[in-house]
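These notes concern the structure reproduced below.
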Amino acid sequence: MTTTPITPSLIATLPGRYYTDPDVFRQEQERIFESMWFCAVRGSDLDRPGAFRTVQVGRESVIITRTRNGDLRAFLNVCRHRGARLCMEESGEIRRTLQCPYHAWTYDLDGKLIAAPNLIKMPDVDRTAYGLIKVALREWLGYAWVCLADEPPSFEDTVVHAAVERLGDIAAIEHYGTDNLALGKRITYDVQANWKLIVENFMECYHCATIHPELTEVLPEFADGYAAQYYVGHGAEFGDEVKGFTVDGSEGFGKLPAVSADQDRRYYAITVKPTVFVNLVPDHVILHRMFPLAEDRTVVECDWLYAPEVVESGADVSKSVELFHRVNVQDFEACERTQPAMSSRAYRKGGVLVPNEHHIGIFHAWLVERLGGAHAGPVH
């Protein structure tokens, strides 16, 4: 007689040092943030030639700007002469050229070196070779994604694949027309917690009944603890009396034009590793971008995106914004409550995941592999 093996109810998390050790964070910067595609800025934020934004990607500062012909370009924020930082501001406008404030080496918006003191006396200097260091850039969902790797991984097999893996096919996310939506609201959160705690929190809903009363009113199945991502194509259904994805369940806005009948009155969540969350509801899209700045600090930018006519009309979007803003605050407070314990002797070997959270174990295995497996330290 054979017996069916019993799947353990509890499986191990990462040890606490993965959330507190500066050396682990340095490895993450090198092997994850500086090696993978990183969602940097919404393209519409750079709405004219010369508009720029600087973004921290791992250990590097990156300038993203729009050229005279309307294309986006990304460069390391480093002068090729003596290494001075070119732009200290987070955002602004380059009038005609980008000039280093130290020795006045000057670059055009395509990164080419076009002027420097006494440059004419140095005819051997290749102005293209000594231009700014370019960073690979792709646009998707209306955002500029950058990759610092010398040979970036396939964008389709990594970033786009996350949506396919979650929803079943790429058309499902294209129905929301995120590229052409307008920014209705942006809120920036400075979270005193490791970026992985935020990812883990987003991936599961075991906590939803405890800390998300407004969300579980709108999405009643979340009260049972099952995450929206627990099988391919699943979208959590709105409650019977709920009219829209708003803080009080009241009417939202008209369904986005291409959203299918099957997607109506449902919420879908996608994790795009390492630092992006995409939330899809019939009348708007909510996108989180994380910027891990230290082992215990992560800045999160959250965008609420609506049909252009909704934003242009001045419609009140506060009820839909307030729902996920409360979710964000509740989640980030939970992560900040957890962060101090990561250095406790009680968490030296980590904690445990219950069955509803077992898919987080796949994230942990992915992370350990990216960090070099056993070299990064065993998962106990």
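We name chains A, B, ... following the order of the structure tokens; residues begin at 1 in each chain, and ligands are numbered from 1 as shown.
Near Val146 of chain A, within a cut-off of 6 Å and counting only C-alpha atoms, sit the residues Trp37, Phe38, Ala136 and Leu137 of chain A, with same-chain residues fewer than 5 positions away left out.
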Store the residues picked out above, limited to N, CA and C atoms, as a compact mmCIF listing (two decimals), in the first residue's frame.
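Dumped everything to again_11.txt:
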```txt
# COMPACT_ATOMS: atom_id res chain seq x y z
N TRP A 37 15.68 44.79 -16.39
CA TRP A 37 14.94 45.97 -16.83
C TRP A 37 14.26 46.62 -15.62
N PHE A 38 14.40 47.93 -15.53
CA PHE A 38 13.97 48.70 -14.36
C PHE A 38 13.03 49.80 -14.84
N ALA A 136 20.48 51.27 -22.11
CA ALA A 136 19.40 50.68 -22.92
C ALA A 136 18.04 51.14 -22.41
N LEU A 137 17.13 51.44 -23.33
CA LEU A 137 15.80 51.95 -22.95
C LEU A 137 14.74 51.31 -23.85
```
Spatial neighbours of Asp224 of chain A, max dist 9 Å, only C-alpha atoms, sep filter under 2 positions, as a VMD selection string: chain A and resid 205 to 206 208 to 209 220 to 222 226 to 227
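When DSSP is run on the backbone, the residues of segment 122-274 of chain A that fall into strand (DSSP E) are Ala136, Leu137, Arg138, Glu139, Trp140, Tyr143, Ala144, Trp145, Val146, Cys147, Ala182, Leu183, Gly184, Lys185, Arg186, Ile187, Thr188, Tyr189, Asp190, Val191, Ala236, Glu237, Arg266, Tyr267, Tyr268, Ala269, Ile270, Thr271 and Val272 of chain A.
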Within 10 Å of Leu287 of chain A using only C-alpha atoms, minus same-chain residues under 4 positions, as a ChimeraX atom specification: /A:141,178,186,269-270,276-280,301-305
Just write the chosen residues, all heavy atoms, as a compact mmCIF listing (two decimals), in the first residue's frame.
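That gives us out-v5.txt:
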```
# COMPACT_ATOMS: atom_id res chain seq x y z
N LEU A 141 3.80 50.13 -21.70
CA LEU A 141 2.74 50.61 -20.80
C LEU A 141 2.84 52.12 -20.55
O LEU A 141 2.32 52.63 -19.57
CB LEU A 141 2.76 49.87 -19.45
CG LEU A 141 2.62 48.34 -19.50
CD1 LEU A 141 2.62 47.78 -18.07
CD2 LEU A 141 1.33 47.93 -20.22
N THR A 178 -2.88 51.06 -21.49
CA THR A 178 -2.14 51.82 -20.47
C THR A 178 -1.20 52.85 -21.08
O THR A 178 -0.98 53.92 -20.50
CB THR A 178 -1.36 50.84 -19.56
OG1 THR A 178 -2.25 49.81 -19.11
CG2 THR A 178 -0.78 51.55 -18.36
N ARG A 186 -0.45 61.02 -8.58
CA ARG A 186 0.79 60.32 -8.20
C ARG A 186 1.06 60.60 -6.73
O ARG A 186 1.04 61.76 -6.31
CB ARG A 186 1.96 60.76 -9.05
CG ARG A 186 3.32 60.19 -8.57
CD ARG A 186 4.45 60.55 -9.54
NE ARG A 186 4.25 59.89 -10.82
CZ ARG A 186 4.72 60.35 -11.97
NH1 ARG A 186 5.38 61.50 -12.00
NH2 ARG A 186 4.51 59.69 -13.10
N ALA A 269 -3.89 41.70 -10.64
CA ALA A 269 -2.62 42.21 -10.12
C ALA A 269 -1.48 41.45 -10.77
O ALA A 269 -1.53 40.23 -10.91
CB ALA A 269 -2.56 42.05 -8.61
N ILE A 270 -0.44 42.17 -11.17
CA ILE A 270 0.73 41.59 -11.82
C ILE A 270 1.98 42.08 -11.10
O ILE A 270 2.13 43.28 -10.86
CB ILE A 270 0.82 42.00 -13.30
CG1 ILE A 270 -0.46 41.64 -14.05
CG2 ILE A 270 2.02 41.35 -13.98
CD1 ILE A 270 -0.57 42.29 -15.42
N VAL A 276 8.09 46.28 -9.87
CA VAL A 276 6.89 46.92 -10.42
C VAL A 276 5.65 46.09 -10.09
O VAL A 276 5.67 44.86 -10.20
CB VAL A 276 7.01 47.09 -11.95
CG1 VAL A 276 5.70 47.62 -12.55
CG2 VAL A 276 8.14 48.04 -12.29
N PHE A 277 4.58 46.77 -9.70
CA PHE A 277 3.27 46.16 -9.52
C PHE A 277 2.29 46.85 -10.47
O PHE A 277 2.25 48.08 -10.52
CB PHE A 277 2.73 46.31 -8.09
CG PHE A 277 3.68 45.93 -7.00
CD1 PHE A 277 3.71 46.64 -5.82
CD2 PHE A 277 4.54 44.85 -7.14
CE1 PHE A 277 4.57 46.30 -4.79
CE2 PHE A 277 5.41 44.49 -6.13
CZ PHE A 277 5.43 45.22 -4.94
N VAL A 278 1.52 46.07 -11.19
CA VAL A 278 0.49 46.62 -12.08
C VAL A 278 -0.86 46.13 -11.58
O VAL A 278 -1.06 44.93 -11.39
CB VAL A 278 0.71 46.17 -13.54
CG1 VAL A 278 -0.32 46.84 -14.45
CG2 VAL A 278 2.13 46.48 -14.01
N ASN A 279 -1.78 47.06 -11.37
CA ASN A 279 -3.12 46.75 -10.89
C ASN A 279 -4.12 47.22 -11.93
O ASN A 279 -4.14 48.40 -12.30
CB ASN A 279 -3.41 47.48 -9.56
CG ASN A 279 -2.32 47.25 -8.53
OD1 ASN A 279 -2.37 46.29 -7.77
ND2 ASN A 279 -1.32 48.14 -8.50
N LEU A 280 -4.96 46.29 -12.40
CA LEU A 280 -5.90 46.58 -13.48
C LEU A 280 -7.33 46.47 -12.99
O LEU A 280 -7.74 45.44 -12.43
CB LEU A 280 -5.68 45.57 -14.62
CG LEU A 280 -4.26 45.43 -15.16
CD1 LEU A 280 -4.16 44.21 -16.07
CD2 LEU A 280 -3.83 46.70 -15.90
N GLU A 301 6.74 54.99 -5.91
CA GLU A 301 5.90 55.94 -6.63
C GLU A 301 4.70 55.19 -7.16
O GLU A 301 4.83 54.19 -7.86
CB GLU A 301 6.66 56.60 -7.79
CG GLU A 301 7.62 57.68 -7.36
CD GLU A 301 8.09 58.54 -8.53
OE1 GLU A 301 7.70 58.26 -9.68
OE2 GLU A 301 8.85 59.49 -8.27
N CYS A 302 3.52 55.69 -6.83
CA CYS A 302 2.28 55.04 -7.25
C CYS A 302 1.51 56.00 -8.16
O CYS A 302 1.22 57.13 -7.78
CB CYS A 302 1.44 54.67 -6.04
SG CYS A 302 -0.02 53.69 -6.43
N ASP A 303 1.21 55.53 -9.38
CA ASP A 303 0.48 56.32 -10.37
C ASP A 303 -0.93 55.76 -10.55
O ASP A 303 -1.10 54.54 -10.71
CB ASP A 303 1.18 56.29 -11.72
CG ASP A 303 2.48 57.07 -11.73
OD1 ASP A 303 2.74 57.82 -10.76
OD2 ASP A 303 3.25 56.93 -12.71
N TRP A 304 -1.91 56.66 -10.55
CA TRP A 304 -3.30 56.31 -10.90
C TRP A 304 -3.55 56.84 -12.31
O TRP A 304 -3.44 58.06 -12.56
CB TRP A 304 -4.28 56.94 -9.92
CG TRP A 304 -4.38 56.24 -8.60
CD1 TRP A 304 -5.37 55.37 -8.20
CD2 TRP A 304 -3.51 56.37 -7.46
NE1 TRP A 304 -5.15 54.94 -6.91
CE2 TRP A 304 -4.02 55.53 -6.44
CE3 TRP A 304 -2.34 57.10 -7.21
CZ2 TRP A 304 -3.40 55.42 -5.18
CZ3 TRP A 304 -1.72 56.98 -5.98
CH2 TRP A 304 -2.26 56.16 -4.98
N LEU A 305 -3.88 55.97 -13.25
CA LEU A 305 -3.99 56.32 -14.66
C LEU A 305 -5.42 56.13 -15.15
O LEU A 305 -6.02 55.06 -14.92
CB LEU A 305 -3.05 55.45 -15.49
CG LEU A 305 -1.58 55.45 -15.04
CD1 LEU A 305 -0.81 54.32 -15.71
CD2 LEU A 305 -0.92 56.80 -15.32
```
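Going from atom CA of Asp283 of chain A over to atom CA of His325 of chain A, you cover 16.6 Å.
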Near segment 319-323 of chain A, counting only C-alpha atoms, which residues have an atom at most 6 Å away, once you skip same-chain residues fewer than 3 positions from it, shown as an mmCIF file with C-alpha atoms, in the first residue's frame?
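The new file part-v5.cif reads:
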```cif
data_model
loop_
_atom_site.group_PDB
_atom_site.id
_atom_site.type_symbol
_atom_site.label_atom_id
_atom_site.label_comp_id
_atom_site.auth_asym_id
_atom_site.auth_seq_id
_atom_site.Cartn_x
_atom_site.Cartn_y
_atom_site.Cartn_z
ATOM 1 C CA THR A 246 -13.678 53.166 -5.078
ATOM 2 C CA VAL A 247 -13.178 53.592 -1.352
ATOM 3 C CA ARG A 326 -5.374 53.406 2.034
#
```
Each residue of segment 122-216 of chain A lying at most 12 Å from segment 66-82 of chain A should get a row with its shortest atom-to-atom pair and the distance in Å to one decimal, counting only C-alpha atoms; could you produce that, ordered by chain and increasing number, as a Markdown table?
```
| residue | atom | partner | partner_atom | distance |
| --- | --- | --- | --- | --- |
| A:Val125 | CA | A:His81 | CA | 11.6 |
| A:Asp126 | CA | A:Arg80 | CA | 12.0 |
| A:Arg127 | CA | A:Arg80 | CA | 10.7 |
| A:Thr128 | CA | A:Arg80 | CA | 11.2 |
| A:Ala129 | CA | A:Arg80 | CA | 9.7 |
| A:Tyr130 | CA | A:Arg80 | CA | 6.3 |
| A:Gly131 | CA | A:Arg80 | CA | 6.9 |
| A:Leu132 | CA | A:Phe75 | CA | 6.1 |
| A:Ile133 | CA | A:Phe75 | CA | 5.4 |
| A:Lys134 | CA | A:Phe75 | CA | 4.4 |
| A:Val135 | CA | A:Phe75 | CA | 5.1 |
| A:Ala136 | CA | A:Ala74 | CA | 7.0 |
| A:Leu137 | CA | A:Ala74 | CA | 6.5 |
| A:Arg138 | CA | A:Leu72 | CA | 8.9 |
| A:Glu139 | CA | A:Leu72 | CA | 8.7 |
| A:Gly142 | CA | A:Leu72 | CA | 11.7 |
| A:Tyr143 | CA | A:Leu72 | CA | 10.4 |
| A:Ala144 | CA | A:Leu72 | CA | 7.8 |
| A:Trp145 | CA | A:Ala74 | CA | 9.6 |
| A:Val146 | CA | A:Ala74 | CA | 7.4 |
| A:Cys147 | CA | A:Ala74 | CA | 9.5 |
| A:Leu148 | CA | A:Leu76 | CA | 8.9 |
```
Atomic separation - atom CA of Asp47 of chain A relative to atom CA of Gly184 of chain A, Å: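 Between these atoms lies a distance of 15.6 Å.
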Non-local contacts of Gln27 of chain A (12 Å; only C-alpha atoms; under 4 positions in same chain excluded) as a list in words: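 Listing them by chain and then by number gives Tyr18, Asp21, Pro22, Asp23, Arg31, Ile32, Phe33, Glu34, Ser35, Gly58, Arg59, Ala294, Glu295, Leu367, Val368, Glu369, Arg370, Leu371, Gly372, Gly373, His375, Ala376 and Gly377 of chain A.
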Atom pair atom CA of Arg53 of chain A / atom CA of Glu90 of chain A: separation (Å):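 The value is 5.6 Å.
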